[in-house]
Every structure is written in C-alpha cells, then in structure tokens.
file final.txt (compact mmCIF, C-alpha atoms)
# COMPACT_ATOMS: atom_id res chain seq x y z
CA MET A 10 0.00 0.00 0.00
CA LEU A 11 2.97 2.31 0.49
CA GLU A 12 3.76 2.02 -3.20
CA LEU A 13 0.13 2.74 -4.11
CA ALA A 14 0.19 5.84 -1.89
CA ILE A 15 3.43 7.07 -3.48
CA LEU A 16 2.09 6.56 -7.01
CA GLY A 17 -1.23 8.15 -6.06
CA PHE A 18 0.25 11.28 -4.54
CA LEU A 19 2.69 11.72 -7.43
CA SER A 20 -0.21 11.46 -9.89
CA ASP A 21 -1.39 14.85 -8.63
CA HIS A 22 1.97 16.56 -9.14
CA PRO A 23 5.70 16.04 -8.59
CA LEU A 24 6.87 16.11 -4.96
CA HIS A 25 10.17 16.06 -3.15
CA GLY A 26 10.76 13.24 -0.70
CA TYR A 27 10.02 15.24 2.45
CA GLU A 28 6.67 16.48 1.15
CA LEU A 29 5.77 12.99 -0.08
CA ARG A 30 6.64 11.54 3.32
CA LYS A 31 4.34 14.07 5.05
CA ARG A 32 1.44 13.19 2.76
CA VAL A 33 1.94 9.44 3.10
CA ALA A 34 2.24 9.78 6.89
CA ALA A 35 -0.99 11.78 7.03
CA LEU A 36 -2.78 9.03 5.10
CA MET A 37 -1.15 5.93 6.58
CA GLY A 38 0.88 7.07 9.58
CA HIS A 39 -1.88 6.46 12.10
CA VAL A 40 -1.61 2.78 11.24
CA ARG A 41 2.11 2.44 10.75
CA PRO A 42 4.61 5.27 11.01
CA VAL A 43 6.35 6.01 7.73
CA ALA A 44 10.09 5.96 8.36
CA ASP A 45 12.72 7.05 5.87
CA GLY A 46 14.03 3.49 5.99
CA THR A 47 10.69 2.34 4.57
CA LEU A 48 9.82 5.21 2.24
CA TYR A 49 13.09 5.63 0.36
CA PRO A 50 13.57 1.93 -0.47
CA ALA A 51 9.99 1.93 -1.82
CA ILE A 52 10.79 4.98 -3.97
CA LYS A 53 13.92 3.22 -5.22
CA ARG A 54 11.89 0.10 -6.15
CA LEU A 55 9.43 2.27 -8.06
CA ALA A 56 12.30 4.05 -9.84
CA VAL A 57 13.96 0.75 -10.79
CA ALA A 58 10.59 -0.43 -12.18
CA GLY A 59 10.44 2.75 -14.28
CA TRP A 60 7.34 4.10 -12.56
CA VAL A 61 9.00 7.09 -10.87
CA THR A 62 11.85 9.35 -11.95
CA ARG A 63 13.97 11.57 -9.73
CA LYS A 64 15.34 14.93 -10.83
CA ASP A 65 17.52 17.33 -8.93
CA GLU A 66 16.10 20.85 -8.91
CA PRO A 67 17.34 24.01 -7.21
CA GLY A 68 16.22 24.22 -3.60
CA ALA A 69 15.39 27.27 -1.49
CA ALA A 70 18.83 26.95 0.12
CA ALA A 71 22.07 26.07 -1.66
CA ALA A 72 21.40 22.33 -1.75
CA PRO A 73 19.33 20.96 -4.65
CA ARG A 74 16.10 19.11 -3.96
CA ARG A 75 15.39 15.71 -5.44
CA VAL A 76 11.91 15.90 -6.93
CA LEU A 77 9.94 12.78 -7.78
CA TYR A 78 7.83 12.50 -10.93
CA LEU A 79 5.35 9.84 -11.97
CA THR A 80 6.18 8.37 -15.38
CA GLU A 81 3.59 7.27 -17.95
CA ASP A 82 4.40 3.66 -17.02
CA GLY A 83 3.87 4.63 -13.39
CA ARG A 84 0.49 6.13 -14.23
CA ALA A 85 -0.45 2.89 -16.01
CA GLU A 86 0.68 0.84 -12.99
CA LEU A 87 -1.32 3.06 -10.64
CA GLU A 88 -4.41 2.59 -12.79
CA ARG A 89 -3.86 -1.18 -12.87
CA ARG A 90 -3.56 -1.35 -9.08
CA LEU A 91 -6.73 0.70 -8.66
CA ARG A 92 -8.69 -1.25 -11.28
CA GLU A 93 -7.54 -4.71 -10.10
CA PRO A 94 -6.88 -4.55 -6.36
CA ALA A 95 -5.78 -7.72 -4.60
CA ASP A 96 -8.30 -9.43 -2.34
CA LEU A 97 -6.36 -8.22 0.71
CA ASP A 98 -6.69 -4.62 -0.54
CA ILE A 99 -10.46 -5.11 -0.42
CA SER A 100 -10.69 -6.94 2.91
CA ASP A 101 -8.05 -5.19 5.04
CA GLU A 102 -9.45 -1.91 6.34
CA ASN A 103 -6.16 -0.01 6.28
CA ARG A 104 -5.29 -1.17 2.78
CA TRP A 105 -8.86 -0.40 1.68
CA PHE A 106 -8.63 3.18 2.95
CA THR A 107 -5.42 3.73 0.99
CA LEU A 108 -7.06 2.33 -2.14
CA LEU A 109 -10.16 4.45 -1.54
CA ALA A 110 -8.04 7.59 -1.20
CA PHE A 111 -7.02 7.30 -4.86
CA LEU A 112 -9.99 5.54 -6.47
CA ARG A 113 -11.08 8.86 -8.00
CA LEU A 114 -8.10 8.53 -10.35
CA LEU A 115 -9.95 5.82 -12.28
CA ASP A 116 -11.85 7.99 -14.73
CA GLU A 117 -14.59 5.46 -15.51
CA PRO A 118 -17.55 5.31 -13.11
CA ASP A 119 -18.16 1.65 -13.99
CA ALA A 120 -14.57 0.73 -13.03
CA GLN A 121 -14.92 2.63 -9.76
CA ALA A 122 -18.26 0.93 -9.07
CA ALA A 123 -16.74 -2.50 -9.78
CA VAL A 124 -14.13 -1.96 -7.05
CA LEU A 125 -16.77 -0.69 -4.62
CA ARG A 126 -18.98 -3.71 -5.37
CA ARG A 127 -16.12 -6.01 -4.34
CA ARG A 128 -15.89 -4.22 -0.98
CA LEU A 129 -19.69 -4.34 -0.62
CA THR A 130 -19.71 -8.10 -1.24
CA PHE A 131 -16.96 -8.55 1.34
CA LEU A 132 -18.80 -6.49 3.99
CA GLU A 133 -22.11 -8.26 3.39
CA GLU A 134 -20.62 -11.60 4.45
CA PRO A 135 -21.34 -12.45 8.12
CA THR A 136 -18.18 -12.00 10.13
CA SER A 137 -16.92 -11.32 13.62
CA PHE A 138 -13.73 -11.07 15.58
CA PHE A 139 -14.91 -14.06 17.63
CA TYR A 140 -16.40 -17.38 16.56
CA ASP A 141 -18.19 -20.31 18.12
CA GLY A 142 -16.86 -23.00 15.81
CA GLU A 143 -17.68 -21.62 12.34
CA ARG A 144 -20.46 -19.30 13.57
CA PRO A 145 -19.61 -15.59 13.98
CA MET A 146 -20.56 -14.36 17.44
CA ALA A 147 -22.55 -11.15 18.05
CA ALA A 148 -21.94 -8.49 20.70
CA GLU A 149 -24.97 -9.52 22.76
CA GLU A 150 -23.47 -12.97 23.26
CA PHE A 151 -20.71 -11.57 25.48
CA ALA A 152 -20.89 -10.48 29.11
CA ASP A 153 -17.49 -8.84 28.62
CA PRO A 154 -18.20 -5.12 27.97
CA PHE A 155 -14.91 -4.74 26.08
CA ARG A 156 -15.68 -7.45 23.55
CA GLN A 157 -19.20 -6.09 23.30
CA GLY A 158 -17.76 -2.64 22.62
CA LEU A 159 -15.40 -3.94 19.97
CA LEU A 160 -18.24 -5.68 18.15
CA VAL A 161 -20.72 -2.80 18.53
CA ILE A 162 -18.21 -0.29 17.15
CA ALA A 163 -17.23 -2.61 14.30
CA GLN A 164 -20.88 -3.21 13.40
CA ALA A 165 -21.71 0.52 13.44
CA THR A 166 -18.69 1.26 11.26
CA SER A 167 -19.63 -1.51 8.84
CA GLN A 168 -23.23 -0.30 8.63
CA ALA A 169 -22.09 3.25 7.88
CA GLU A 170 -19.74 1.97 5.18
CA LEU A 171 -22.43 -0.30 3.68
CA THR A 172 -24.80 2.66 3.43
CA TRP A 173 -22.12 4.80 1.79
CA LEU A 174 -21.13 2.01 -0.61
CA ARG A 175 -24.70 1.36 -1.76
CA THR A 176 -25.37 5.08 -2.28
CA THR A 177 -22.11 5.68 -4.11
CA ILE A 178 -22.48 2.62 -6.34
CA ALA A 179 -26.00 3.76 -7.31
CA GLU A 180 -24.66 7.24 -8.15
CA LEU A 181 -21.81 5.80 -10.22
CA GLU A 182 -24.24 3.55 -12.11
CA ARG A 183 -26.31 6.63 -13.03
CA ALA A 184 -23.22 8.58 -14.18
CA PRO A 185 -22.80 9.04 -17.93
CA ALA A 186 -20.20 6.80 -19.52
CA ALA A 187 -16.79 8.37 -20.09
CA GLY A 188 -15.80 8.88 -23.66
call {"tool": "encode", "arguments": {"input": "final.txt", "output": "structure tokens"}}
result
Amino acid sequence: MLELAILGFLSDHPLHGYELRKRVAALMGHVRPVADGTLYPAIKRLAVAGWVTRKDEPGAAAAPRRVLYLTEDGRAELERRLREPADLDISDENRWFTLLAFLRLLDEPDAQAAVLRRRLTFLEEPTSFFYDGERPMAAEEFADPFRQGLLVIAQATSQAELTWLRTTIAELERAPAAG
C-alpha cells in the first residue's frame, strides 16, 4: 500500500521526498509510522521499475532538492492497481482506505463501481472477531463489555460503510459513460 500511496500522490503533481513523506504519513501514519528506511527503499523500487523518476532541482537553500515525478508507465501501474486490487486490498481496512483515497483517479464510473462492489460483497458476508466453531458471534453474546464494545463499534462502522457504498455505487451507475 505504500507504493500505491506514493504513485497516487505523485499522480497529482511532482513532490520532493520530504513532502511525499508528510502526505503518506498523514494518510497511513496512524496505522504504521512512515520511516525514511521504509519510504526511500519503496521509492527506489518504483524508480527501478520505471514508474518514478527523480530529478535534482534548485532548492530554497544552496542544496538541490530531489523531486519525484510519476512516469507514464507509473500512471499505467497506478491505474492497474486501482482497477484490479488484490483481495487483501479489499478486505483489510487499512489497505482499503489507501485504495479508496485514490480511487477517484480511475476515470470510468463503472470501473470505480466495480471496485466498490467487491468491498460491498466482502462487507455483506457475516463476520466477527470471535467465533463459536464456524459461527460468527454477536456483541450480545458476550458479558465482557470490552468485547461487546469492539463488536458494537465494528458493526456501526460496517453499517455506515455499507450505506455509503450502496449510495455511491448507485450514483456511479447513473453517471454518464466516459468517452
């Protein structure tokens, strides 16, 4: 997801590493801090793949700044990742939020709706953090107020997301086709 975030932010406009790090940290840092030892190797992998280029430009001080640009191949890779997310990108909440942050970059409403439908299908499956054999357990089955709280919060969050997904999918299906 770090690579998706880098490609997504660079699709808006070129950024130097420090600014990119701030944006990625704002999006993903609450889940996992973004250290230079994680960010810069990811940038290097993207550069080696030909998806990002780095150019030195004059900085405000004497030292030049290394600015990162998304290449056309990088734009194509970003679109591919948005159009065909892995199952884990759909099911893992943190990965999903990163994907959702850039889904607007797919310019076809039907492609956007297809990704949202996958998330909707995933959320409509009965699930829980706790199981009795194969059966998901509900909040009211626990005397433990902490497990109840976990399940109540998760259910409320899921219901809010389901409502948003259904509304947004319906809006996308009514949108005129791109072309």
call {"tool": "closest_residue", "arguments": {"input": "final.txt", "among": "A:Arg126, A:Arg183, A:Arg104, A:Gly142", "to": "Met37 in chain A", "atoms": "all atoms listed in the file"}}
result
A:Arg104
call {"tool": "residues_near_point", "arguments": {"input": "final.txt", "point": "(-3.9, 1.2, -8.8)", "cutoff": "8 Å", "atoms": "all atoms listed in the file", "output": "short mmCIF file (atom, residue, chain, number, x, y, z; two decimals) with C-alpha atoms, in the frame of the given file"}}
result
data_model
loop_
_atom_site.label_atom_id
_atom_site.label_comp_id
_atom_site.auth_asym_id
_atom_site.auth_seq_id
_atom_site.Cartn_x
_atom_site.Cartn_y
_atom_site.Cartn_z
CA LEU A 13 0.13 2.74 -4.11
CA GLY A 17 -1.23 8.15 -6.06
CA GLU A 86 0.68 0.84 -12.99
CA LEU A 87 -1.32 3.06 -10.64
CA GLU A 88 -4.41 2.59 -12.79
CA ARG A 89 -3.86 -1.18 -12.87
CA ARG A 90 -3.56 -1.35 -9.08
CA LEU A 91 -6.73 0.70 -8.66
CA ARG A 92 -8.69 -1.25 -11.28
CA GLU A 93 -7.54 -4.71 -10.10
CA PRO A 94 -6.88 -4.55 -6.36
CA LEU A 108 -7.06 2.33 -2.14
CA PHE A 111 -7.02 7.30 -4.86
CA LEU A 112 -9.99 5.54 -6.47
#
call {"tool": "residues_around", "arguments": {"input": "final.txt", "residues": "Asp45 in chain A", "least_positions_apart": "6", "cutoff": "10 Å", "atoms": "only C-alpha atoms", "output": "number ranges by chain"}}
result
A: 26-27, 30, 51
call {"tool": "residues_around", "arguments": {"input": "final.txt", "residues": "Leu29 in chain A", "least_positions_apart": "6", "cutoff": "9 Å", "atoms": "only C-alpha atoms", "output": "PyMOL selection string"}}
result
chain A and resi 15+18-19+77
call {"tool": "closest_residue", "arguments": {"input": "final.txt", "among": "A:Met146, A:Ala44, A:Leu16, A:Ala34", "to": "Trp60 in chain A", "atoms": "all atoms listed in the file"}}
result
A:Leu16
call {"tool": "closest_residue", "arguments": {"input": "final.txt", "among": "A:Ala58, A:Ala184, A:Leu36, A:Ala163", "to": "Gln121 in chain A", "atoms": "all atoms listed in the file"}}
result
A:Ala184
call {"tool": "atom_distance", "arguments": {"input": "final.txt", "atom1": "CA of Lys64 in chain A", "atom2": "CA of Val76 in chain A"}}
result
5.3 Å
call {"tool": "residues_near_point", "arguments": {"input": "final.txt", "point": "(10.1, 11.9, -14.1)", "cutoff": "6 Å", "atoms": "only C-alpha atoms", "output": "list in words"}}
result
Val61, Thr62, Arg63, Tyr78, Leu79 and Thr80 of chain A
call {"tool": "closest_residue", "arguments": {"input": "final.txt", "among": "A:Pro154, A:Pro145, A:Pro118, A:Pro135", "to": "Leu181 in chain A", "atoms": "all atoms listed in the file"}}
result
A:Pro118
